[in-house]
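Text of final_17.pdb (PDB, C-alpha atoms, pLDDT in the B column) as supplied:
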```
MODEL        1
ATOM      1  CA  MET C   1     -15.040 -16.704 -12.894  1.00 54.00           C
ATOM      2  CA  ASN C   2     -11.392 -16.686 -11.782  1.00 81.00           C
ATOM      3  CA  THR C   3     -10.787 -13.023 -11.082  1.00 90.00           C
ATOM      4  CA  ARG C   4      -7.096 -12.111 -10.945  1.00 94.00           C
ATOM      5  CA  ILE C   5      -5.900  -9.206  -8.853  1.00 96.00           C
ATOM      6  CA  LEU C   6      -2.401  -7.792  -8.584  1.00 97.00           C
ATOM      7  CA  LEU C   7      -1.798  -6.017  -5.272  1.00 97.00           C
ATOM      8  CA  VAL C   8       1.092  -3.559  -5.527  1.00 97.00           C
ATOM      9  CA  GLU C   9       1.983  -2.803  -1.905  1.00 95.00           C
ATOM     10  CA  ASP C  10       5.382  -2.610  -0.211  1.00 94.00           C
ATOM     11  CA  ASP C  11       4.107  -3.197   3.334  1.00 93.00           C
ATOM     12  CA  ALA C  12       4.605  -6.962   3.412  1.00 94.00           C
ATOM     13  CA  ARG C  13       2.366  -7.647   6.405  1.00 94.00           C
ATOM     14  CA  LEU C  14      -0.464  -5.453   5.126  1.00 92.00           C
ATOM     15  CA  ALA C  15      -0.210  -7.000   1.672  1.00 94.00           C
ATOM     16  CA  GLU C  16      -0.332 -10.516   3.116  1.00 95.00           C
ATOM     17  CA  LEU C  17      -3.372  -9.813   5.287  1.00 94.00           C
ATOM     18  CA  THR C  18      -5.191  -8.096   2.421  1.00 94.00           C
ATOM     19  CA  ALA C  19      -4.444 -10.934   0.024  1.00 95.00           C
ATOM     20  CA  GLU C  20      -5.654 -13.526   2.538  1.00 95.00           C
ATOM     21  CA  TYR C  21      -8.921 -11.669   3.066  1.00 94.00           C
ATOM     22  CA  LEU C  22      -9.584 -11.263  -0.656  1.00 94.00           C
ATOM     23  CA  ALA C  23      -8.679 -14.916  -1.302  1.00 93.00           C
ATOM     24  CA  LYS C  24     -11.370 -15.978   1.183  1.00 93.00           C
ATOM     25  CA  ASN C  25     -13.812 -14.132  -1.041  1.00 92.00           C
ATOM     26  CA  ASP C  26     -12.881 -16.107  -4.171  1.00 90.00           C
ATOM     27  CA  LEU C  27     -10.380 -13.644  -5.623  1.00 94.00           C
ATOM     28  CA  THR C  28      -6.952 -14.749  -6.849  1.00 95.00           C
ATOM     29  CA  VAL C  29      -4.381 -12.271  -5.549  1.00 96.00           C
ATOM     30  CA  SER C  30      -0.706 -11.854  -6.411  1.00 96.00           C
ATOM     31  CA  ILE C  31       1.550  -9.423  -4.562  1.00 97.00           C
ATOM     32  CA  GLU C  32       4.167  -7.099  -6.032  1.00 97.00           C
ATOM     33  CA  PRO C  33       6.157  -4.973  -3.553  1.00 96.00           C
ATOM     34  CA  ARG C  34       7.920  -2.576  -5.955  1.00 96.00           C
ATOM     35  CA  GLY C  35       6.727   0.023  -8.398  1.00 95.00           C
ATOM     36  CA  ASP C  36       9.584  -0.378 -10.855  1.00 94.00           C
ATOM     37  CA  THR C  37       8.848  -4.090 -11.321  1.00 96.00           C
ATOM     38  CA  ALA C  38       5.054  -3.745 -11.092  1.00 96.00           C
ATOM     39  CA  GLU C  39       4.864  -2.056 -14.484  1.00 95.00           C
ATOM     40  CA  ALA C  40       6.186  -5.066 -16.380  1.00 95.00           C
ATOM     41  CA  ARG C  41       4.017  -7.488 -14.404  1.00 96.00           C
ATOM     42  CA  ILE C  42       0.844  -5.545 -15.096  1.00 96.00           C
ATOM     43  CA  LEU C  43       1.489  -5.443 -18.835  1.00 95.00           C
ATOM     44  CA  GLU C  44       2.602  -9.073 -19.033  1.00 95.00           C
ATOM     45  CA  GLU C  45      -0.031 -10.658 -16.804  1.00 95.00           C
ATOM     46  CA  GLN C  46      -2.942  -8.311 -17.614  1.00 93.00           C
ATOM     47  CA  PRO C  47      -4.806  -8.940 -14.342  1.00 95.00           C
ATOM     48  CA  ASP C  48      -8.481  -8.070 -14.109  1.00 93.00           C
ATOM     49  CA  LEU C  49      -7.780  -5.445 -11.465  1.00 95.00           C
ATOM     50  CA  VAL C  50      -4.715  -3.746  -9.989  1.00 97.00           C
ATOM     51  CA  ILE C  51      -4.694  -2.386  -6.448  1.00 97.00           C
ATOM     52  CA  LEU C  52      -1.939   0.200  -6.660  1.00 96.00           C
ATOM     53  CA  ASP C  53      -0.445   1.984  -3.660  1.00 94.00           C
ATOM     54  CA  VAL C  54       0.930   5.467  -4.237  1.00 92.00           C
ATOM     55  CA  MET C  55       4.055   5.243  -2.082  1.00 91.00           C
ATOM     56  CA  LEU C  56       6.251   2.502  -3.529  1.00 94.00           C
ATOM     57  CA  PRO C  57       9.982   1.855  -3.822  1.00 95.00           C
ATOM     58  CA  GLY C  58      11.563   2.196  -7.248  1.00 95.00           C
ATOM     59  CA  LYS C  59       8.665   4.046  -8.887  1.00 94.00           C
ATOM     60  CA  ASP C  60       5.591   5.599  -7.318  1.00 93.00           C
ATOM     61  CA  GLY C  61       2.045   4.535  -8.085  1.00 93.00           C
ATOM     62  CA  PHE C  62       1.318   7.582 -10.218  1.00 92.00           C
ATOM     63  CA  GLU C  63       4.232   6.802 -12.534  1.00 94.00           C
ATOM     64  CA  VAL C  64       3.193   3.160 -12.783  1.00 95.00           C
ATOM     65  CA  CYS C  65      -0.412   4.091 -13.562  1.00 93.00           C
ATOM     66  CA  ARG C  66       0.573   6.558 -16.260  1.00 91.00           C
ATOM     67  CA  ALA C  67       3.009   4.098 -17.841  1.00 94.00           C
ATOM     68  CA  VAL C  68       0.666   1.093 -18.072  1.00 94.00           C
ATOM     69  CA  ARG C  69      -2.627   2.807 -18.827  1.00 88.00           C
ATOM     70  CA  PRO C  70      -2.241   2.950 -22.637  1.00 85.00           C
ATOM     71  CA  GLN C  71      -1.729  -0.827 -22.837  1.00 89.00           C
ATOM     72  CA  TYR C  72      -3.661  -2.097 -19.833  1.00 90.00           C
ATOM     73  CA  ARG C  73      -7.434  -2.372 -20.207  1.00 82.00           C
ATOM     74  CA  GLY C  74      -8.276  -3.674 -16.739  1.00 88.00           C
ATOM     75  CA  VAL C  75      -9.220  -1.705 -13.643  1.00 91.00           C
ATOM     76  CA  ILE C  76      -6.780   0.347 -11.566  1.00 93.00           C
ATOM     77  CA  LEU C  77      -7.802   1.080  -7.973  1.00 94.00           C
ATOM     78  CA  MET C  78      -5.342   3.414  -6.279  1.00 91.00           C
ATOM     79  CA  LEU C  79      -4.647   3.525  -2.552  1.00 90.00           C
ATOM     80  CA  THR C  80      -4.049   7.134  -1.559  1.00 83.00           C
ATOM     81  CA  ALA C  81      -3.155   8.956   1.641  1.00 73.00           C
ATOM     82  CA  ARG C  82      -6.210   9.832   3.704  1.00 57.00           C
ATOM     83  CA  ASP C  83      -7.726  13.233   2.883  1.00 59.00           C
ATOM     84  CA  GLU C  84      -5.028  14.001   0.317  1.00 60.00           C
ATOM     85  CA  ASP C  85      -7.255  15.497  -2.375  1.00 63.00           C
ATOM     86  CA  PHE C  86      -4.241  16.172  -4.593  1.00 65.00           C
ATOM     87  CA  ASP C  87      -3.265  12.482  -4.586  1.00 67.00           C
ATOM     88  CA  GLN C  88      -6.794  11.417  -5.479  1.00 67.00           C
ATOM     89  CA  ILE C  89      -7.160  13.829  -8.374  1.00 72.00           C
ATOM     90  CA  LEU C  90      -3.670  13.120  -9.689  1.00 75.00           C
ATOM     91  CA  GLY C  91      -4.397   9.398  -9.661  1.00 75.00           C
ATOM     92  CA  LEU C  92      -7.538   9.907 -11.730  1.00 75.00           C
ATOM     93  CA  GLU C  93      -5.676  12.157 -14.146  1.00 76.00           C
ATOM     94  CA  MET C  94      -3.067   9.440 -14.619  1.00 81.00           C
ATOM     95  CA  GLY C  95      -5.850   7.043 -15.648  1.00 81.00           C
ATOM     96  CA  ALA C  96      -6.902   5.313 -12.428  1.00 86.00           C
ATOM     97  CA  ASP C  97     -10.496   4.096 -12.383  1.00 85.00           C
ATOM     98  CA  ASP C  98     -11.078   4.795  -8.712  1.00 85.00           C
ATOM     99  CA  TYR C  99      -9.278   5.526  -5.475  1.00 85.00           C
ATOM    100  CA  ILE C 100      -9.705   4.635  -1.838  1.00 86.00           C
ATOM    101  CA  ALA C 101      -8.019   6.303   1.140  1.00 84.00           C
ATOM    102  CA  LYS C 102      -5.727   4.411   3.496  1.00 85.00           C
ATOM    103  CA  PRO C 103      -6.100   2.918   6.007  1.00 85.00           C
ATOM    104  CA  VAL C 104      -9.040   1.025   4.529  1.00 87.00           C
ATOM    105  CA  GLN C 105     -11.258  -1.594   6.128  1.00 89.00           C
ATOM    106  CA  PRO C 106     -11.047  -4.915   4.236  1.00 90.00           C
ATOM    107  CA  ARG C 107     -14.826  -5.066   3.819  1.00 90.00           C
ATOM    108  CA  VAL C 108     -14.841  -1.592   2.261  1.00 88.00           C
ATOM    109  CA  LEU C 109     -12.027  -2.563  -0.103  1.00 92.00           C
ATOM    110  CA  LEU C 110     -13.862  -5.741  -1.125  1.00 92.00           C
ATOM    111  CA  ALA C 111     -17.086  -3.834  -1.785  1.00 87.00           C
ATOM    112  CA  ARG C 112     -15.259  -1.309  -3.964  1.00 86.00           C
ATOM    113  CA  ILE C 113     -13.503  -4.102  -5.882  1.00 90.00           C
ATOM    114  CA  LYS C 114     -16.782  -5.904  -6.564  1.00 87.00           C
ATOM    115  CA  ALA C 115     -18.415  -2.693  -7.759  1.00 81.00           C
ATOM    116  CA  LEU C 116     -15.550  -2.043 -10.177  1.00 83.00           C
ATOM    117  CA  LEU C 117     -15.451  -5.621 -11.464  1.00 84.00           C
ATOM    118  CA  ARG C 118     -19.159  -5.545 -12.276  1.00 76.00           C
ATOM    119  CA  ARG C 119     -18.383  -2.914 -14.879  1.00 68.00           C
ATOM    120  CA  LEU C 120     -15.737  -4.872 -16.734  1.00 66.00           C
ATOM    121  CA  PRO C 121     -16.563  -5.817 -20.355  1.00 59.00           C
ATOM    122  CA  ASN C 122     -18.342  -9.143 -20.840  1.00 52.00           C
ATOM    123  CA  THR C 123     -19.319  -9.448 -17.198  1.00 44.00           C
ATOM    124  CA  GLY C 124     -22.502  -8.853 -15.317  1.00 42.00           C
ATOM    125  CA  GLU C 125     -25.322  -6.899 -16.897  1.00 42.00           C
ATOM    126  CA  ALA C 126     -23.164  -5.272 -19.551  1.00 41.00           C
ATOM    127  CA  ALA C 127     -22.642  -8.569 -21.372  1.00 39.00           C
ATOM    128  CA  GLY C 128     -26.365  -8.964 -21.964  1.00 40.00           C
ATOM    129  CA  GLU C 129     -27.062  -5.352 -22.768  1.00 44.00           C
ATOM    130  CA  SER C 130     -27.472  -4.510 -26.428  1.00 46.00           C
ATOM    131  CA  GLU C 131     -28.315  -0.838 -26.208  1.00 82.00           C
ATOM    132  CA  SER C 132     -26.342   1.733 -28.141  1.00 88.00           C
ATOM    133  CA  LEU C 133     -26.766   5.491 -28.251  1.00 92.00           C
ATOM    134  CA  VAL C 134     -26.060   7.685 -31.277  1.00 93.00           C
ATOM    135  CA  PHE C 135     -25.758  11.468 -31.380  1.00 94.00           C
ATOM    136  CA  GLY C 136     -24.642  12.732 -34.777  1.00 93.00           C
ATOM    137  CA  GLN C 137     -21.094  11.435 -35.315  1.00 93.00           C
ATOM    138  CA  PHE C 138     -20.852  10.097 -31.748  1.00 95.00           C
ATOM    139  CA  ARG C 139     -21.786   6.513 -30.889  1.00 94.00           C
ATOM    140  CA  ILE C 140     -21.506   4.653 -27.602  1.00 95.00           C
ATOM    141  CA  SER C 141     -22.314   0.968 -27.033  1.00 92.00           C
ATOM    142  CA  GLN C 142     -22.995  -0.585 -23.650  1.00 85.00           C
ATOM    143  CA  ALA C 143     -22.746  -4.085 -25.120  1.00 81.00           C
ATOM    144  CA  THR C 144     -19.166  -3.674 -26.334  1.00 83.00           C
ATOM    145  CA  ARG C 145     -18.282  -0.822 -23.975  1.00 84.00           C
ATOM    146  CA  THR C 146     -16.880   1.199 -26.834  1.00 90.00           C
ATOM    147  CA  ALA C 147     -17.348   4.757 -28.058  1.00 94.00           C
ATOM    148  CA  THR C 148     -16.513   6.375 -31.379  1.00 95.00           C
ATOM    149  CA  LEU C 149     -16.462   9.930 -32.666  1.00 94.00           C
ATOM    150  CA  ASN C 150     -16.317  10.546 -36.414  1.00 93.00           C
ATOM    151  CA  THR C 151     -15.697   6.778 -36.777  1.00 90.00           C
ATOM    152  CA  ALA C 152     -12.537   7.018 -34.657  1.00 93.00           C
ATOM    153  CA  SER C 153     -12.409   4.926 -31.502  1.00 93.00           C
ATOM    154  CA  ILE C 154     -12.168   6.836 -28.212  1.00 94.00           C
ATOM    155  CA  ASP C 155      -9.720   5.345 -25.727  1.00 89.00           C
ATOM    156  CA  LEU C 156     -11.558   5.217 -22.389  1.00 88.00           C
ATOM    157  CA  THR C 157     -10.777   3.761 -18.993  1.00 83.00           C
ATOM    158  CA  THR C 158     -13.464   1.696 -17.279  1.00 81.00           C
ATOM    159  CA  ALA C 159     -14.457   4.611 -15.056  1.00 82.00           C
ATOM    160  CA  GLU C 160     -14.497   7.073 -17.952  1.00 88.00           C
ATOM    161  CA  PHE C 161     -16.761   4.813 -19.986  1.00 90.00           C
ATOM    162  CA  ASP C 162     -19.160   4.375 -17.059  1.00 89.00           C
ATOM    163  CA  LEU C 163     -19.423   8.139 -16.574  1.00 92.00           C
ATOM    164  CA  LEU C 164     -19.798   8.835 -20.297  1.00 95.00           C
ATOM    165  CA  TRP C 165     -22.496   6.169 -20.654  1.00 94.00           C
ATOM    166  CA  LEU C 166     -24.393   7.539 -17.660  1.00 92.00           C
ATOM    167  CA  LEU C 167     -24.281  11.077 -19.032  1.00 95.00           C
ATOM    168  CA  ALA C 168     -25.207  10.000 -22.574  1.00 95.00           C
ATOM    169  CA  SER C 169     -28.099   7.847 -21.388  1.00 92.00           C
ATOM    170  CA  HIS C 170     -29.523  10.948 -19.688  1.00 93.00           C
ATOM    171  CA  ALA C 171     -28.763  13.301 -22.589  1.00 93.00           C
ATOM    172  CA  GLY C 172     -30.489  16.651 -22.255  1.00 93.00           C
ATOM    173  CA  ASN C 173     -30.873  16.285 -18.489  1.00 94.00           C
ATOM    174  CA  VAL C 174     -28.700  17.750 -15.750  1.00 95.00           C
ATOM    175  CA  LEU C 175     -27.058  15.221 -13.420  1.00 94.00           C
ATOM    176  CA  SER C 176     -25.628  16.511 -10.170  1.00 91.00           C
ATOM    177  CA  ARG C 177     -22.366  15.315  -8.660  1.00 87.00           C
ATOM    178  CA  ASP C 178     -24.448  13.523  -6.050  1.00 87.00           C
ATOM    179  CA  ASP C 179     -26.445  11.736  -8.775  1.00 87.00           C
ATOM    180  CA  LEU C 180     -23.263  10.653 -10.529  1.00 88.00           C
ATOM    181  CA  LEU C 181     -21.405   9.522  -7.399  1.00 83.00           C
ATOM    182  CA  GLN C 182     -24.402   7.586  -6.112  1.00 82.00           C
ATOM    183  CA  GLU C 183     -24.732   5.732  -9.394  1.00 82.00           C
ATOM    184  CA  LEU C 184     -21.046   5.138 -10.082  1.00 80.00           C
ATOM    185  CA  ARG C 185     -19.574   4.628  -6.612  1.00 71.00           C
ATOM    186  CA  GLY C 186     -22.533   4.160  -4.291  1.00 67.00           C
ATOM    187  CA  ILE C 187     -21.659   7.214  -2.194  1.00 62.00           C
ATOM    188  CA  GLY C 188     -23.083  10.705  -1.919  1.00 59.00           C
ATOM    189  CA  PHE C 189     -21.290  13.941  -2.692  1.00 59.00           C
ATOM    190  CA  ASP C 190     -19.582  15.281   0.441  1.00 59.00           C
ATOM    191  CA  GLY C 191     -18.807  18.692  -1.024  1.00 56.00           C
ATOM    192  CA  LEU C 192     -15.118  17.839  -1.405  1.00 58.00           C
ATOM    193  CA  ASP C 193     -14.851  14.845  -3.737  1.00 64.00           C
ATOM    194  CA  ARG C 194     -13.414  16.039  -7.070  1.00 73.00           C
ATOM    195  CA  SER C 195     -13.294  12.683  -8.848  1.00 77.00           C
ATOM    196  CA  ILE C 196     -16.239  13.480 -11.123  1.00 84.00           C
ATOM    197  CA  ASP C 197     -14.745  16.833 -12.087  1.00 86.00           C
ATOM    198  CA  ALA C 198     -11.425  15.189 -12.954  1.00 85.00           C
ATOM    199  CA  ARG C 199     -13.101  12.597 -15.167  1.00 87.00           C
ATOM    200  CA  ILE C 200     -15.263  15.201 -16.875  1.00 92.00           C
ATOM    201  CA  SER C 201     -12.100  17.136 -17.723  1.00 91.00           C
ATOM    202  CA  ARG C 202     -10.493  14.023 -19.229  1.00 89.00           C
ATOM    203  CA  LEU C 203     -13.629  13.169 -21.190  1.00 94.00           C
ATOM    204  CA  ARG C 204     -13.836  16.655 -22.670  1.00 95.00           C
ATOM    205  CA  LYS C 205     -10.297  16.342 -23.983  1.00 93.00           C
ATOM    206  CA  LYS C 206     -11.060  12.975 -25.560  1.00 94.00           C
ATOM    207  CA  LEU C 207     -14.286  14.274 -27.091  1.00 95.00           C
ATOM    208  CA  ASN C 208     -12.557  17.351 -28.555  1.00 94.00           C
ATOM    209  CA  ASP C 209     -14.739  19.577 -26.397  1.00 94.00           C
ATOM    210  CA  ASP C 210     -13.514  23.126 -25.784  1.00 90.00           C
ATOM    211  CA  PRO C 211     -12.419  23.179 -22.108  1.00 86.00           C
ATOM    212  CA  GLU C 212     -13.070  26.934 -21.875  1.00 88.00           C
ATOM    213  CA  ASN C 213     -16.504  26.773 -23.480  1.00 91.00           C
ATOM    214  CA  PRO C 214     -17.646  23.131 -23.581  1.00 94.00           C
ATOM    215  CA  THR C 215     -20.698  22.349 -25.702  1.00 94.00           C
ATOM    216  CA  ARG C 216     -20.761  18.549 -25.580  1.00 95.00           C
ATOM    217  CA  ILE C 217     -20.553  18.018 -21.831  1.00 96.00           C
ATOM    218  CA  LYS C 218     -21.801  21.253 -20.346  1.00 95.00           C
ATOM    219  CA  THR C 219     -21.380  22.558 -16.811  1.00 93.00           C
ATOM    220  CA  VAL C 220     -24.624  23.887 -15.380  1.00 93.00           C
ATOM    221  CA  ARG C 221     -23.424  26.130 -12.583  1.00 90.00           C
ATOM    222  CA  GLY C 222     -24.693  25.127  -9.172  1.00 87.00           C
ATOM    223  CA  LYS C 223     -26.489  22.057 -10.544  1.00 91.00           C
ATOM    224  CA  GLY C 224     -24.176  19.617 -12.316  1.00 92.00           C
ATOM    225  CA  TYR C 225     -23.382  18.376 -15.808  1.00 95.00           C
ATOM    226  CA  LEU C 226     -25.437  17.986 -18.973  1.00 96.00           C
ATOM    227  CA  PHE C 227     -24.653  15.804 -21.990  1.00 96.00           C
ATOM    228  CA  SER C 228     -25.800  17.640 -25.096  1.00 94.00           C
ATOM    229  CA  LYS C 229     -28.004  15.909 -27.662  1.00 91.00           C
ATOM    230  CA  HIS C 230     -26.522  18.206 -30.309  1.00 88.00           C
ATOM    231  CA  ASP C 231     -23.069  19.509 -31.284  1.00 83.00           C
ATOM    232  CA  TRP C 232     -21.807  16.085 -32.403  1.00 90.00           C
ATOM    233  CA  ASN C 233     -21.239  16.762 -36.109  1.00 83.00           C
TER     234      ASN C 233
ENDMDL
END
```

Re-express the file's structure as structure tokens.
Amino acid sequence: MNTRILLVEDDARLAELTAEYLAKNDLTVSIEPRGDTAEARILEEQPDLVILDVMLPGKDGFEVCRAVRPQYRGVILMLTARDEDFDQILGLEMGADDYIAKPVQPRVLLARIKALLRRLPNTGEAAGESESLVFGQFRISQATRTATLNTASIDLTTAEFDLLWLLASHAGNVLSRDDLLQELRGIGFDGLDRSIDARISRLRKKLNDDPENPTRIKTVRGKGYLFSKHDWN
């Protein structure tokens, strides 16, 4: 499969080296150095995955992510400043599927890209999976990677769908942050990573769950999150 990646990075030398490395691993990479022109390219070209730096001339990565997310169904991987928790959470809130801190080793970047691409619709295991889950008026399908509530489609990013499917497929059971991170990103919980919390917050909004007293995706204090089998009517 010809996988197309758009690398939005204003450091010309870094962008060139990254593109060369990814190309050697059978990925087709285009480079865009500016945020204000990246937006149009993403929407027009619809690449499979966008690697989006935060600090860009013209328009920062957060603005680009927020602008394209409603019309771009591919994966957005944001490059954030090392240890800047605010940047990471803000990126996820803007609709990014994942983030990775700079500077990043090429092999680590490639591994993260491959993990994200495996979850795209009609690729990998998802294409052959026919399972669907139904809870009252809520339905989620792994085959089509879609979810509906009261017959209305729920607009989900790739990462949001993966988390929602994982929670729903373990309905009635508590999953810890470590469980979720290991399954979704292949890393353990370090006590600081807030990516799961940010996605849970976004999912609750999209599922019309009360943020002050959620009943559909519950917080079990000190343990993790639980997807309710009930409260879906």

Could you tell me, as a list in words, exactly which residues end up selected when the PyMOL selection byres ((chain C and resi 49-55) around 7) is applied to this structure?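 Going through the file, the PyMOL selection byres ((chain C and resi 49-55) around 7) ends up selecting Arg4, Ile5, Leu6, Leu7, Val8, Glu9, Pro47, Asp48, Leu56, Asp60, Gly61, Phe62, Gly74, Val75, Ile76, Leu77, Met78, Leu79 and Thr80 of chain C.
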
Could you check which of C:Pro103, C:Thr3, C:Leu22, C:Leu133 is closest to Arg118 in chain C, using all atoms listed in the file?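 Using all atoms listed in the file, the shortest distance to Arg118 in chain C belongs to C:Thr3.
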
Point-to-point distance in Å for CA of Gly58 in chain C and CA of Gly35 in chain C: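 So the answer is 5.4 Å.
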
Please report the interatomic distance between CA of Ala96 in chain C and CA of Glu160 in chain C in Å with one decimal. 9.6 Å

Using all atoms listed in the file, which residues sit within 10 Å of Val174 in chain C once same-chain residues fewer than 6 positions away are excluded, as a list in words?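 Contacts, with the query itself left out: Leu167, Lys218, Thr219, Val220, Lys223, Gly224, Tyr225, Leu226, Phe227 and Ser228 of chain C.
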
Rank C:Glu45, C:Glu16, C:Asp231, C:Glu93 by their smallest atom-to-atom distance to Ala198 in chain C, using all atoms listed in the file, and report the top residue only.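 Closest residue, counting all atoms listed in the file: C:Glu93.
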
Using all atoms listed in the file, find all polymer residues with an atom at most 12 Å away from the point (-25.9, 9.2, -29.7); report them as a PyMOL selection string. chain C and resi 131-142+147-150+164-165+167-172+216+227-233

Give me the result of the PyMOL selection byres ((chain C and resi 183) around 12) on this file, residue by residue, as a ChimeraX atom specification. /C:115,159,162-163,165-167,175-182,184-189,196

When distances are computed from all atoms listed in the file, which of C:Ala101, C:Ile217, C:Ile154, C:Val29 shows the smallest separation from Ala81 in chain C?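 Among C:Ala101, C:Ile217, C:Ile154, C:Val29, it is C:Ala101 that comes nearest to Ala81 in chain C.
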
Determine the nearest neighbour of Glu32 in chain C from the options C:Pro70, C:Pro57, C:Pro106, C:Gly95, counting only C-alpha atoms.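 Among C:Pro70, C:Pro57, C:Pro106, C:Gly95, it is C:Pro57 that comes nearest to Glu32 in chain C.
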
Selection as JSON, numbers by chain: residues within 9 Å of (-14.5, 11.9, -23.2), counting all atoms listed in the file: {"C": [154, 155, 156, 160, 161, 164, 199, 200, 201, 202, 203, 204, 205, 206, 207, 208, 209, 217]}

Could you tell me how far CA of Val104 in chain C sits from CA of Lys24 in chain C, in Å to one decimal place?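 Separation between CA of Lys24 in chain C and CA of Val104 in chain C: 17.5 Å.
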
Could you rebuild range 203-214 of chain C with N, CA and C atoms and give it back as a PDB file, keeping the file's coordinate frame?
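And here's part33.pdb as it stands now:
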```
ATOM      1  N   LEU C 203     -12.693  13.506 -20.129  1.00 94.00           N
ATOM      2  CA  LEU C 203     -13.629  13.169 -21.190  1.00 94.00           C
ATOM      3  C   LEU C 203     -13.735  14.304 -22.210  1.00 94.00           C
ATOM      4  N   ARG C 204     -13.754  15.526 -21.743  1.00 95.00           N
ATOM      5  CA  ARG C 204     -13.836  16.655 -22.670  1.00 95.00           C
ATOM      6  C   ARG C 204     -12.658  16.675 -23.628  1.00 95.00           C
ATOM      7  N   LYS C 205     -11.476  16.390 -23.118  1.00 93.00           N
ATOM      8  CA  LYS C 205     -10.297  16.342 -23.983  1.00 93.00           C
ATOM      9  C   LYS C 205     -10.447  15.254 -25.039  1.00 93.00           C
ATOM     10  N   LYS C 206     -10.946  14.097 -24.630  1.00 94.00           N
ATOM     11  CA  LYS C 206     -11.060  12.975 -25.560  1.00 94.00           C
ATOM     12  C   LYS C 206     -12.201  13.160 -26.555  1.00 94.00           C
ATOM     13  N   LEU C 207     -13.161  14.010 -26.203  1.00 95.00           N
ATOM     14  CA  LEU C 207     -14.286  14.274 -27.091  1.00 95.00           C
ATOM     15  C   LEU C 207     -14.095  15.560 -27.893  1.00 95.00           C
ATOM     16  N   ASN C 208     -12.872  16.114 -27.838  1.00 94.00           N
ATOM     17  CA  ASN C 208     -12.557  17.351 -28.555  1.00 94.00           C
ATOM     18  C   ASN C 208     -13.514  18.487 -28.179  1.00 94.00           C
ATOM     19  N   ASP C 209     -13.857  18.531 -26.904  1.00 94.00           N
ATOM     20  CA  ASP C 209     -14.739  19.577 -26.397  1.00 94.00           C
ATOM     21  C   ASP C 209     -13.884  20.731 -25.875  1.00 94.00           C
ATOM     22  N   ASP C 210     -14.266  21.945 -26.207  1.00 90.00           N
ATOM     23  CA  ASP C 210     -13.514  23.126 -25.784  1.00 90.00           C
ATOM     24  C   ASP C 210     -13.549  23.244 -24.263  1.00 90.00           C
ATOM     25  N   PRO C 211     -12.408  23.126 -23.575  1.00 86.00           N
ATOM     26  CA  PRO C 211     -12.419  23.179 -22.108  1.00 86.00           C
ATOM     27  C   PRO C 211     -12.872  24.523 -21.555  1.00 86.00           C
ATOM     28  N   GLU C 212     -12.673  25.604 -22.321  1.00 88.00           N
ATOM     29  CA  GLU C 212     -13.070  26.934 -21.875  1.00 88.00           C
ATOM     30  C   GLU C 212     -14.559  27.196 -22.108  1.00 88.00           C
ATOM     31  N   ASN C 213     -15.091  26.586 -23.159  1.00 91.00           N
ATOM     32  CA  ASN C 213     -16.504  26.773 -23.480  1.00 91.00           C
ATOM     33  C   ASN C 213     -17.075  25.450 -24.008  1.00 91.00           C
ATOM     34  N   PRO C 214     -17.206  24.452 -23.138  1.00 94.00           N
ATOM     35  CA  PRO C 214     -17.646  23.131 -23.581  1.00 94.00           C
ATOM     36  C   PRO C 214     -19.090  23.131 -24.067  1.00 94.00           C
TER      37      PRO C 214
END
```
